[in-house]
$ cat input00.cif   # mmCIF, C-alpha atoms
data_protein
loop_
_atom_site.group_PDB
_atom_site.id
_atom_site.type_symbol
_atom_site.label_atom_id
_atom_site.label_comp_id
_atom_site.auth_asym_id
_atom_site.auth_seq_id
_atom_site.Cartn_x
_atom_site.Cartn_y
_atom_site.Cartn_z
ATOM 1 C CA MET M 1 99.273 97.815 81.633
ATOM 2 C CA LEU M 2 100.017 100.835 83.831
ATOM 3 C CA ARG M 3 100.890 103.698 81.509
ATOM 4 C CA GLY M 4 99.487 106.921 80.112
ATOM 5 C CA SER M 5 97.118 109.270 81.926
ATOM 6 C CA MET M 6 96.327 107.942 85.390
ATOM 7 C CA VAL M 7 93.803 110.100 87.186
ATOM 8 C CA ALA M 8 94.338 110.692 90.899
ATOM 9 C CA LEU M 9 90.610 110.449 91.481
ATOM 10 C CA ILE M 10 88.787 112.777 93.873
ATOM 11 C CA THR M 11 86.325 111.235 96.297
ATOM 12 C CA PRO M 12 83.104 113.208 95.715
ATOM 13 C CA MET M 13 81.240 114.070 98.904
ATOM 14 C CA THR M 14 77.928 115.543 99.928
ATOM 15 C CA ASP M 15 77.784 118.780 101.905
ATOM 16 C CA ASP M 16 78.002 116.852 105.187
ATOM 17 C CA GLY M 17 81.206 115.089 104.085
ATOM 18 C CA SER M 18 79.749 111.651 103.395
ATOM 19 C CA ILE M 19 80.707 109.828 100.190
ATOM 20 C CA ASP M 20 78.481 110.825 97.256
ATOM 21 C CA GLU M 21 77.785 107.471 95.631
ATOM 22 C CA GLU M 22 75.894 108.911 92.665
ATOM 23 C CA ALA M 23 78.641 111.396 91.866
ATOM 24 C CA LEU M 24 81.311 108.686 92.212
ATOM 25 C CA GLU M 25 79.511 106.535 89.651
ATOM 26 C CA ALA M 26 79.183 109.506 87.282
ATOM 27 C CA LEU M 27 82.830 110.375 87.726
ATOM 28 C CA VAL M 28 84.077 106.885 86.867
ATOM 29 C CA ASP M 29 81.824 106.868 83.802
ATOM 30 C CA PHE M 30 83.234 110.266 82.786
ATOM 31 C CA HIS M 31 86.752 108.838 82.842
ATOM 32 C CA LEU M 32 85.849 105.688 80.951
ATOM 33 C CA LYS M 33 84.214 107.770 78.223
ATOM 34 C CA ASN M 34 87.162 110.164 77.997
ATOM 35 C CA GLN M 35 89.953 107.594 77.653
ATOM 36 C CA THR M 36 91.607 107.883 81.038
ATOM 37 C CA ASP M 37 94.097 105.008 81.030
ATOM 38 C CA VAL M 38 94.174 104.139 84.745
ATOM 39 C CA ILE M 39 92.147 105.218 87.787
ATOM 40 C CA VAL M 40 94.037 105.768 91.038
ATOM 41 C CA ALA M 41 91.595 105.675 93.958
ATOM 42 C CA MET M 42 92.307 106.684 97.534
ATOM 43 C CA GLY M 43 95.471 108.675 96.983
ATOM 44 C CA THR M 44 96.076 112.112 98.480
ATOM 45 C CA THR M 45 93.621 113.629 95.993
ATOM 46 C CA GLY M 46 91.013 111.100 97.151
ATOM 47 C CA GLU M 47 91.346 112.376 100.740
ATOM 48 C CA SER M 48 92.727 109.097 102.022
ATOM 49 C CA ALA M 49 94.029 110.886 105.127
ATOM 50 C CA THR M 50 90.517 111.602 106.424
ATOM 51 C CA LEU M 51 88.565 108.517 105.322
ATOM 52 C CA SER M 52 88.204 105.584 107.682
ATOM 53 C CA HIS M 53 89.620 102.200 106.686
ATOM 54 C CA LYS M 54 86.059 101.008 106.060
ATOM 55 C CA GLU M 55 85.388 103.950 103.735
ATOM 56 C CA HIS M 56 88.773 103.525 102.085
ATOM 57 C CA ARG M 57 87.992 99.916 101.200
ATOM 58 C CA HIS M 58 84.489 100.810 100.090
ATOM 59 C CA VAL M 59 85.728 103.407 97.580
ATOM 60 C CA VAL M 60 88.333 101.037 96.131
ATOM 61 C CA LYS M 61 85.811 98.195 95.820
ATOM 62 C CA ARG M 62 83.206 100.477 94.283
ATOM 63 C CA VAL M 63 85.617 101.884 91.696
ATOM 64 C CA VAL M 64 86.684 98.340 90.782
ATOM 65 C CA GLU M 65 83.021 97.378 90.366
ATOM 66 C CA LEU M 66 82.227 100.422 88.238
ATOM 67 C CA VAL M 67 85.273 100.025 85.985
ATOM 68 C CA LYS M 68 84.338 96.375 85.227
ATOM 69 C CA GLY M 69 87.858 95.507 84.101
ATOM 70 C CA LYS M 70 87.924 98.069 81.290
ATOM 71 C CA ILE M 71 91.005 99.854 82.648
ATOM 72 C CA PRO M 72 93.326 99.160 85.600
ATOM 73 C CA VAL M 73 92.504 100.434 89.082
ATOM 74 C CA VAL M 74 95.316 101.396 91.453
ATOM 75 C CA ALA M 75 94.613 101.766 95.179
ATOM 76 C CA GLY M 76 96.507 104.162 97.391
ATOM 77 C CA THR M 77 97.649 102.098 100.380
ATOM 78 C CA GLY M 78 100.548 104.025 101.876
ATOM 79 C CA SER M 79 101.016 104.909 105.531
ATOM 80 C CA ASN M 80 103.744 105.994 107.933
ATOM 81 C CA ASN M 81 102.918 102.835 109.883
ATOM 82 C CA THR M 82 104.307 99.824 108.013
ATOM 83 C CA ALA M 83 101.777 97.464 109.589
ATOM 84 C CA GLU M 84 98.907 99.708 108.497
ATOM 85 C CA ALA M 85 100.288 100.010 104.941
ATOM 86 C CA LEU M 86 100.592 96.230 104.835
ATOM 87 C CA GLU M 87 96.977 95.840 105.971
ATOM 88 C CA LEU M 88 95.683 98.346 103.401
ATOM 89 C CA THR M 89 97.703 96.738 100.612
ATOM 90 C CA ALA M 90 96.415 93.258 101.428
ATOM 91 C CA ALA M 91 92.871 94.638 101.526
ATOM 92 C CA ALA M 92 93.273 96.317 98.146
ATOM 93 C CA LYS M 93 94.381 93.050 96.601
ATOM 94 C CA GLN M 94 91.399 91.273 98.134
ATOM 95 C CA ASP M 95 89.062 94.016 96.876
ATOM 96 C CA GLY M 96 90.183 93.663 93.270
ATOM 97 C CA ALA M 97 92.700 96.457 92.721
ATOM 98 C CA ASP M 98 95.233 95.821 89.954
ATOM 99 C CA ALA M 99 98.109 97.560 91.763
ATOM 100 C CA CYS M 100 98.875 99.679 94.829
ATOM 101 C CA LEU M 101 100.453 103.098 95.273
ATOM 102 C CA LEU M 102 102.473 103.514 98.472
ATOM 103 C CA VAL M 103 103.600 106.967 99.547
ATOM 104 C CA THR M 104 106.819 107.234 101.538
ATOM 105 C CA PRO M 105 106.176 107.135 105.300
ATOM 106 C CA TYR M 106 105.450 110.716 106.336
ATOM 107 C CA TYR M 107 106.185 112.585 109.563
ATOM 108 C CA ASN M 108 108.442 110.017 111.248
ATOM 109 C CA LYS M 109 111.353 110.598 108.812
ATOM 110 C CA PRO M 110 112.820 107.115 108.222
ATOM 111 C CA THR M 111 116.353 106.664 106.930
ATOM 112 C CA GLN M 112 116.981 105.311 103.439
ATOM 113 C CA GLU M 113 117.498 101.857 104.945
ATOM 114 C CA GLY M 114 114.206 102.206 106.791
ATOM 115 C CA LEU M 115 112.470 103.106 103.535
ATOM 116 C CA TYR M 116 114.027 100.113 101.807
ATOM 117 C CA GLN M 117 112.935 97.708 104.544
ATOM 118 C CA HIS M 118 109.417 99.238 104.648
ATOM 119 C CA TYR M 119 108.794 98.734 100.940
ATOM 120 C CA LYS M 120 110.590 95.386 100.819
ATOM 121 C CA LEU M 121 108.433 93.931 103.576
ATOM 122 C CA ILE M 122 105.144 94.987 101.984
ATOM 123 C CA ALA M 123 106.216 93.752 98.535
ATOM 124 C CA GLU M 124 107.236 90.383 99.945
ATOM 125 C CA LYS M 125 104.036 89.966 101.973
ATOM 126 C CA VAL M 126 101.459 90.996 99.334
ATOM 127 C CA ALA M 127 101.679 89.623 95.785
ATOM 128 C CA ILE M 128 100.326 92.639 93.918
ATOM 129 C CA PRO M 129 102.174 95.141 91.674
ATOM 130 C CA GLN M 130 103.341 98.079 93.786
ATOM 131 C CA ILE M 131 104.220 101.662 92.871
ATOM 132 C CA LEU M 132 106.590 103.675 95.029
ATOM 133 C CA TYR M 133 105.520 107.289 95.604
ATOM 134 C CA ASN M 134 107.995 110.062 96.392
ATOM 135 C CA VAL M 135 106.556 113.477 97.303
ATOM 136 C CA PRO M 136 108.919 115.054 99.859
ATOM 137 C CA GLY M 137 107.060 118.369 99.804
ATOM 138 C CA ARG M 138 104.210 116.633 101.622
ATOM 139 C CA THR M 139 105.997 113.920 103.567
ATOM 140 C CA ALA M 140 109.308 115.467 104.708
ATOM 141 C CA CYS M 141 110.811 112.196 103.454
ATOM 142 C CA ASP M 142 112.793 111.837 100.236
ATOM 143 C CA LEU M 143 113.202 108.435 98.573
ATOM 144 C CA LEU M 144 116.570 108.801 96.837
ATOM 145 C CA PRO M 145 117.200 107.374 93.349
ATOM 146 C CA GLU M 146 119.844 105.025 94.755
ATOM 147 C CA THR M 147 117.304 103.491 97.162
ATOM 148 C CA THR M 148 114.753 103.321 94.362
ATOM 149 C CA ALA M 149 117.297 101.349 92.330
ATOM 150 C CA ARG M 150 117.696 98.832 95.182
ATOM 151 C CA LEU M 151 113.927 98.410 95.359
ATOM 152 C CA ALA M 152 113.716 97.924 91.582
ATOM 153 C CA ASP M 153 115.269 94.477 92.107
ATOM 154 C CA ILE M 154 112.077 93.322 93.858
ATOM 155 C CA ASP M 155 109.827 91.737 91.240
ATOM 156 C CA ASN M 156 106.465 93.222 92.195
ATOM 157 C CA ILE M 157 107.776 96.758 92.743
ATOM 158 C CA VAL M 158 106.993 97.893 89.220
ATOM 159 C CA ALA M 159 107.120 101.712 89.138
ATOM 160 C CA ILE M 160 107.714 104.958 90.985
ATOM 161 C CA LYS M 161 105.546 108.062 91.058
ATOM 162 C CA GLU M 162 108.144 110.819 91.257
ATOM 163 C CA ALA M 163 106.461 114.061 92.315
ATOM 164 C CA THR M 164 109.378 116.379 92.988
ATOM 165 C CA GLY M 165 109.160 117.935 89.520
ATOM 166 C CA ASP M 166 112.966 117.742 89.343
ATOM 167 C CA MET M 167 114.083 116.464 85.939
ATOM 168 C CA LEU M 168 117.573 115.720 87.243
ATOM 169 C CA VAL M 169 116.049 113.302 89.749
ATOM 170 C CA ALA M 170 113.931 111.754 86.996
ATOM 171 C CA GLN M 171 116.965 111.341 84.773
ATOM 172 C CA ARG M 172 118.923 109.727 87.603
ATOM 173 C CA ILE M 173 116.124 107.199 88.225
ATOM 174 C CA LEU M 174 116.058 106.326 84.523
ATOM 175 C CA GLU M 175 119.846 105.885 84.504
ATOM 176 C CA LEU M 176 119.927 103.682 87.610
ATOM 177 C CA CYS M 177 116.798 101.615 87.012
ATOM 178 C CA GLY M 178 116.650 101.253 83.246
ATOM 179 C CA ASP M 179 113.841 98.920 82.215
ATOM 180 C CA ARG M 180 113.550 97.376 85.703
ATOM 181 C CA LEU M 181 111.157 100.091 86.888
ATOM 182 C CA ASP M 182 108.618 102.349 85.164
ATOM 183 C CA LEU M 183 108.804 106.064 85.913
ATOM 184 C CA PHE M 184 105.584 108.070 86.351
ATOM 185 C CA SER M 185 105.240 111.773 86.953
ATOM 186 C CA GLY M 186 103.360 112.990 89.981
ATOM 187 C CA ASP M 187 103.635 116.661 89.035
ATOM 188 C CA ASP M 188 101.312 117.856 86.272
ATOM 189 C CA THR M 189 103.343 120.986 85.504
ATOM 190 C CA THR M 190 106.449 118.977 84.536
ATOM 191 C CA ALA M 191 104.775 115.705 83.507
ATOM 192 C CA MET M 192 105.205 116.258 79.781
ATOM 193 C CA GLU M 193 108.963 116.748 80.136
ATOM 194 C CA LEU M 194 109.338 113.678 82.337
ATOM 195 C CA MET M 195 107.551 111.512 79.791
ATOM 196 C CA LEU M 196 109.600 112.943 76.941
ATOM 197 C CA LEU M 197 112.681 111.931 78.947
ATOM 198 C CA GLY M 198 111.467 108.336 79.068
ATOM 199 C CA GLY M 199 108.700 108.208 81.661
ATOM 200 C CA THR M 200 105.663 106.133 80.798
ATOM 201 C CA GLY M 201 102.825 107.840 82.629
ATOM 202 C CA ASN M 202 101.453 110.639 84.757
ATOM 203 C CA ILE M 203 99.419 110.215 87.941
ATOM 204 C CA SER M 204 97.461 113.390 87.483
ATOM 205 C CA VAL M 205 95.265 115.820 89.402
ATOM 206 C CA THR M 206 94.503 117.825 86.244
ATOM 207 C CA ALA M 207 93.099 114.673 84.603
ATOM 208 C CA ASN M 208 90.079 114.890 86.907
ATOM 209 C CA ILE M 209 88.983 117.990 84.983
ATOM 210 C CA VAL M 210 90.272 117.376 81.429
ATOM 211 C CA PRO M 211 90.699 113.606 81.050
ATOM 212 C CA ARG M 212 90.659 113.456 77.246
ATOM 213 C CA ALA M 213 93.288 116.167 76.849
ATOM 214 C CA MET M 214 95.523 114.523 79.448
ATOM 215 C CA HIS M 215 95.167 111.146 77.732
ATOM 216 C CA ASP M 216 96.145 112.681 74.401
ATOM 217 C CA MET M 217 99.050 114.660 75.848
ATOM 218 C CA CYS M 218 100.452 111.652 77.685
ATOM 219 C CA ALA M 219 100.174 109.454 74.585
ATOM 220 C CA ALA M 220 102.048 112.016 72.495
ATOM 221 C CA ALA M 221 104.777 112.568 75.097
ATOM 222 C CA ILE M 222 105.332 108.851 75.680
ATOM 223 C CA ALA M 223 105.612 108.398 71.910
ATOM 224 C CA GLY M 224 108.287 111.112 71.844
ATOM 225 C CA ASP M 225 106.192 113.570 69.784
ATOM 226 C CA ARG M 226 107.230 116.834 71.433
ATOM 227 C CA SER M 227 105.397 119.163 69.069
ATOM 228 C CA LYS M 228 102.068 117.377 69.491
ATOM 229 C CA ALA M 229 102.494 117.059 73.264
ATOM 230 C CA GLU M 230 103.346 120.746 73.580
ATOM 231 C CA ALA M 231 100.359 121.791 71.474
ATOM 232 C CA ILE M 232 97.994 119.834 73.746
ATOM 233 C CA ASN M 233 99.727 120.845 76.976
ATOM 234 C CA LYS M 234 99.957 124.592 76.320
ATOM 235 C CA PRO M 235 96.300 125.435 77.115
ATOM 236 C CA LEU M 236 96.501 123.181 80.200
ATOM 237 C CA GLN M 237 99.495 124.914 81.785
ATOM 238 C CA SER M 238 97.464 127.421 83.792
ATOM 239 C CA LEU M 239 95.171 124.648 85.021
ATOM 240 C CA HIS M 240 98.174 122.543 86.105
ATOM 241 C CA GLN M 241 99.163 125.444 88.355
ATOM 242 C CA LYS M 242 95.755 126.580 89.578
ATOM 243 C CA VAL M 243 94.724 123.130 90.840
ATOM 244 C CA PHE M 244 97.406 123.744 93.477
ATOM 245 C CA ILE M 245 96.483 127.353 94.281
ATOM 246 C CA GLU M 246 95.434 125.969 97.669
ATOM 247 C CA SER M 247 96.250 122.553 99.081
ATOM 248 C CA ASN M 248 95.277 119.617 96.874
ATOM 249 C CA PRO M 249 92.475 118.481 96.576
ATOM 250 C CA VAL M 250 90.747 121.744 97.564
ATOM 251 C CA PRO M 251 90.834 123.418 94.109
ATOM 252 C CA VAL M 252 90.143 120.299 92.046
ATOM 253 C CA LYS M 253 87.157 119.319 94.191
ATOM 254 C CA TRP M 254 85.666 122.787 93.714
ATOM 255 C CA ALA M 255 86.303 122.554 89.958
ATOM 256 C CA MET M 256 84.528 119.190 89.783
ATOM 257 C CA TYR M 257 81.594 120.664 91.712
ATOM 258 C CA LYS M 258 81.380 123.449 89.113
ATOM 259 C CA MET M 259 81.346 120.758 86.412
ATOM 260 C CA GLY M 260 78.378 119.044 88.049
ATOM 261 C CA PHE M 261 80.046 116.181 89.905
ATOM 262 C CA GLY M 262 78.465 116.384 93.335
ATOM 263 C CA SER M 263 78.612 119.187 95.863
ATOM 264 C CA LYS M 264 81.483 121.159 97.389
ATOM 265 C CA GLY M 265 81.810 118.581 100.175
ATOM 266 C CA ILE M 266 85.284 118.169 101.640
ATOM 267 C CA ARG M 267 86.495 116.988 105.043
ATOM 268 C CA LEU M 268 88.172 119.005 107.750
ATOM 269 C CA PRO M 269 90.867 120.098 108.251
ATOM 270 C CA LEU M 270 90.452 121.014 104.562
ATOM 271 C CA VAL M 271 87.756 123.511 103.623
ATOM 272 C CA THR M 272 86.302 124.544 100.292
ATOM 273 C CA LEU M 273 88.226 126.832 97.946
ATOM 274 C CA SER M 274 88.521 130.450 99.101
ATOM 275 C CA ASP M 275 86.282 132.877 97.225
ATOM 276 C CA GLU M 276 89.267 134.950 96.132
ATOM 277 C CA TYR M 277 90.517 132.109 93.911
ATOM 278 C CA HIS M 278 87.253 131.205 92.164
ATOM 279 C CA ASP M 279 87.738 133.460 89.152
ATOM 280 C CA GLU M 280 91.358 132.372 88.632
ATOM 281 C CA LEU M 281 90.439 128.703 88.584
ATOM 282 C CA LEU M 282 87.411 129.268 86.354
ATOM 283 C CA GLU M 283 89.584 131.184 83.881
ATOM 284 C CA ALA M 284 92.155 128.364 83.823
ATOM 285 C CA MET M 285 89.330 125.905 83.172
ATOM 286 C CA ARG M 286 88.019 128.091 80.344
ATOM 287 C CA ILE M 287 91.456 128.270 78.703
ATOM 288 C CA ALA M 288 91.661 124.478 78.959
ATOM 289 C CA GLY M 289 88.350 124.180 77.109
ATOM 290 C CA VAL M 290 86.141 123.182 80.023
ATOM 291 C CA ASN M 291 82.468 124.098 79.929
ATOM 292 C CA HIS M 292 81.101 124.808 83.404
#

$ encode --input "input00.cif" --output "C-alpha cells"
Amino acid sequence: MLRGSMVALITPMTDDGSIDEEALEALVDFHLKNQTDVIVAMGTTGESATLSHKEHRHVVKRVVELVKGKIPVVAGTGSNNTAEALELTAAAKQDGADACLLVTPYYNKPTQEGLYQHYKLIAEKVAIPQILYNVPGRTACDLLPETTARLADIDNIVAIKEATGDMLVAQRILELCGDRLDLFSGDDTTAMELMLLGGTGNISVTANIVPRAMHDMCAAAIAGDRSKAEAINKPLQSLHQKVFIESNPVPVKWAMYKMGFGSKGIRLPLVTLSDEYHDELLEAMRIAGVNH
C-alpha cells in the first residue's frame, strides 16, 4: 500500500558523477532499517533529468532488487514528451516497480485538456498504478484540481503528489476526488498539515536524512494525532527549509555525503552545495538529531 513516508531517494554518485553502487545499497538498507514506508527512485531528487535511460532503468531495477519486496518501490517516469513517458513507464513495470510517478509535462505548457489526454493515454497503455505529480514551481505547468478529478475516474491513476504547498488546493482535491484518489504531499514544510487534512502520505526529500522521524511524523498525522505529529515535526522544520536552500537535490546530496553515504558527486548543471550554506545545513541537521 502506498502511504506514509515515501522517500524521494537521492542517486548517490562518485566524484566523477557515475552511480555509486555501494552507497546506493547502503542507502536502501538505511531506509529499510528506519521504517521508510515507500522508496521513490528516479524522481527529481534522484537526478532523473541528467541520467540516461539506461542508467534510469538500472537504478530502478537495482532498488527493486535491494528492497526484495519488503516495501513498495515507485519509479519516476514523467517527461514532457508523452511517448518518452510512456516508454519509461512501461520499462518501470517490466523492471519490477510497484507504481510510477509522472510529473506534469514541463516547458511546453500543455492545456488542461492536453494534460488529461497525456495522463489518460499512459494509464490506458501501461497497467501499473500511477501517481500524478503537480509541481508548477519547477514545471511552469499547473494540474488543476478539476482536471485531477477527471483523471481520478481512471482506475490505475491512484494518487496525486501535490507539491504546491497550498492547503486550499489540497482541500479542493479532497473535496472533488473523495476516496477515488489518494493525496500525497510533495512539500515537506507543509506535509504535516496536508496529512492532517486527509492526505495519506508524503513524498519527502527530508526523509533521506531523517527517515525514522519522518515515518513517525507521517503515521501520527495520518492518524489525526496533531499533538504527536507537531512534537515530531517541530525539530525538523529547519531541515525542511534548508534542504531547499539551493536547488534540490544539491543540499540533500551534500547532507547525505556528510552522513557517510558516498561522495559529493552530482551532475552538471548542478554543482555541490556552496560553502556559505554548509553551517546552516549542519545546524538544521543537528537540531533534527542527526549525527554527522

$ resolve_selection --input "input00.cif" --expression "the PyMOL selection byres ((chain M and resi 28) around 9)" --output "list of chain:residue names"
M:Leu9, M:Ala23, M:Leu24, M:Glu25, M:Ala26, M:Leu27, M:Asp29, M:Phe30, M:His31, M:Leu32, M:Lys33, M:Ile39, M:Val63, M:Leu66, M:Val67

$ resolve_selection --input "input00.cif" --expression "the PyMOL selection byres ((chain M and resi 55) around 12)" --output "JSON, numbers by chain"
{"M": [11, 13, 17, 18, 19, 20, 21, 41, 42, 46, 47, 48, 49, 50, 51, 52, 53, 54, 56, 57, 58, 59, 60, 61, 62, 88]}

$ closest_residue --input "input00.cif" --among "M:Leu268, M:Met214, M:Leu121, M:Thr206" --to "M:Ala255" --atoms "only C-alpha atoms"
M:Thr206

$ resolve_selection --input "input00.cif" --expression "the PyMOL selection byres ((chain M and resi 203) around 9)" --output "PyMOL selection string"
chain M and resi 4-8+38-40+161+184-188+191+201-202+204-205+207

$ closest_residue --input "input00.cif" --among "M:Val252, M:Ala97, M:Ala83, M:Met192" --to "M:Ala231" --atoms "only C-alpha atoms"
M:Met192

$ closest_residue --input "input00.cif" --among "M:Arg212, M:Lys228, M:Arg150, M:Lys109" --to "M:Gly289" --atoms "only C-alpha atoms"
M:Arg212

$ atom_distance --input "input00.cif" --atom1 "atom CA of M:Val210" --atom2 "atom CA of M:Val290"
7.3 Å

$ residues_around --input "input00.cif" --residues "M:Asp153" --least-positions-apart "2" --cutoff "12 Å" --atoms "only C-alpha atoms" --output "JSON, numbers by chain"
{"M": [116, 119, 120, 123, 124, 146, 147, 148, 149, 150, 151, 155, 156, 157, 158, 159, 176, 177, 178, 179, 180, 181]}

$ write_last_selection --input "input00.cif" --atoms "C-alpha atoms" --output "tab-separated table (two decimals), in the coordinates of the input"
chain	number	residue	atom	x	y	z
M	116	TYR	CA	114.03	100.11	101.81
M	119	TYR	CA	108.79	98.73	100.94
M	120	LYS	CA	110.59	95.39	100.82
M	123	ALA	CA	106.22	93.75	98.54
M	124	GLU	CA	107.24	90.38	99.94
M	146	GLU	CA	119.84	105.02	94.76
M	147	THR	CA	117.30	103.49	97.16
M	148	THR	CA	114.75	103.32	94.36
M	149	ALA	CA	117.30	101.35	92.33
M	150	ARG	CA	117.70	98.83	95.18
M	151	LEU	CA	113.93	98.41	95.36
M	155	ASP	CA	109.83	91.74	91.24
M	156	ASN	CA	106.46	93.22	92.20
M	157	ILE	CA	107.78	96.76	92.74
M	158	VAL	CA	106.99	97.89	89.22
M	159	ALA	CA	107.12	101.71	89.14
M	176	LEU	CA	119.93	103.68	87.61
M	177	CYS	CA	116.80	101.62	87.01
M	178	GLY	CA	116.65	101.25	83.25
M	179	ASP	CA	113.84	98.92	82.22
M	180	ARG	CA	113.55	97.38	85.70
M	181	LEU	CA	111.16	100.09	86.89

$ atom_distance --input "input00.cif" --atom1 "atom CA of M:Asn208" --atom2 "atom CA of M:Ala140"
26.2 Å

$ residues_around --input "input00.cif" --residues "M:Ser79" --least-positions-apart "3" --cutoff "9 Å" --atoms "all atoms listed in the file" --output "list of chain:residue names"
M:Thr82, M:Ala83, M:Glu84, M:Ala85, M:Leu86, M:Leu88, M:Leu102, M:Val103, M:Thr104, M:Pro105, M:Tyr106

$ atom_distance --input "input00.cif" --atom1 "atom CA of M:Asp98" --atom2 "atom CA of M:Tyr133"
16.4 Å

$ closest_residue --input "input00.cif" --among "M:Gln241, M:Asn291, M:Thr190, M:Asn248" --to "M:Gly260" --atoms "only C-alpha atoms"
M:Asn291

$ closest_residue --input "input00.cif" --among "M:Ile154, M:Asp275, M:Glu22, M:Leu194" --to "M:Arg172" --atoms "only C-alpha atoms"
M:Leu194

$ closest_residue --input "input00.cif" --among "M:Glu283, M:Asp182, M:Glu230, M:Glu276" --to "M:Thr200" --atoms "only C-alpha atoms"
M:Asp182

$ residues_around --input "input00.cif" --residues "M:Gly96" --least-positions-apart "3" --cutoff "9 Å" --atoms "only C-alpha atoms" --output "list of chain:residue names"
M:Val60, M:Lys61, M:Val64, M:Glu65, M:Val73, M:Ala91, M:Ala92, M:Lys93, M:Ala99

$ axis_aligned_box --input "input00.cif" --around "stretch 127-146 of chain M" --padding-each-side "3 Å" --output "JSON"
{"center_x": 110.1, "center_y": 104.0, "center_z": 98.2, "size_x": 25.5, "size_y": 34.7, "size_z": 19.0}

$ residues_near_point --input "input00.cif" --point "(89.6, 125.6, 87.5)" --cutoff "12 Å" --atoms "all atoms listed in the file" --output "ChimeraX atom specification"
/M:205-210,236-246,249-259,273,277-292
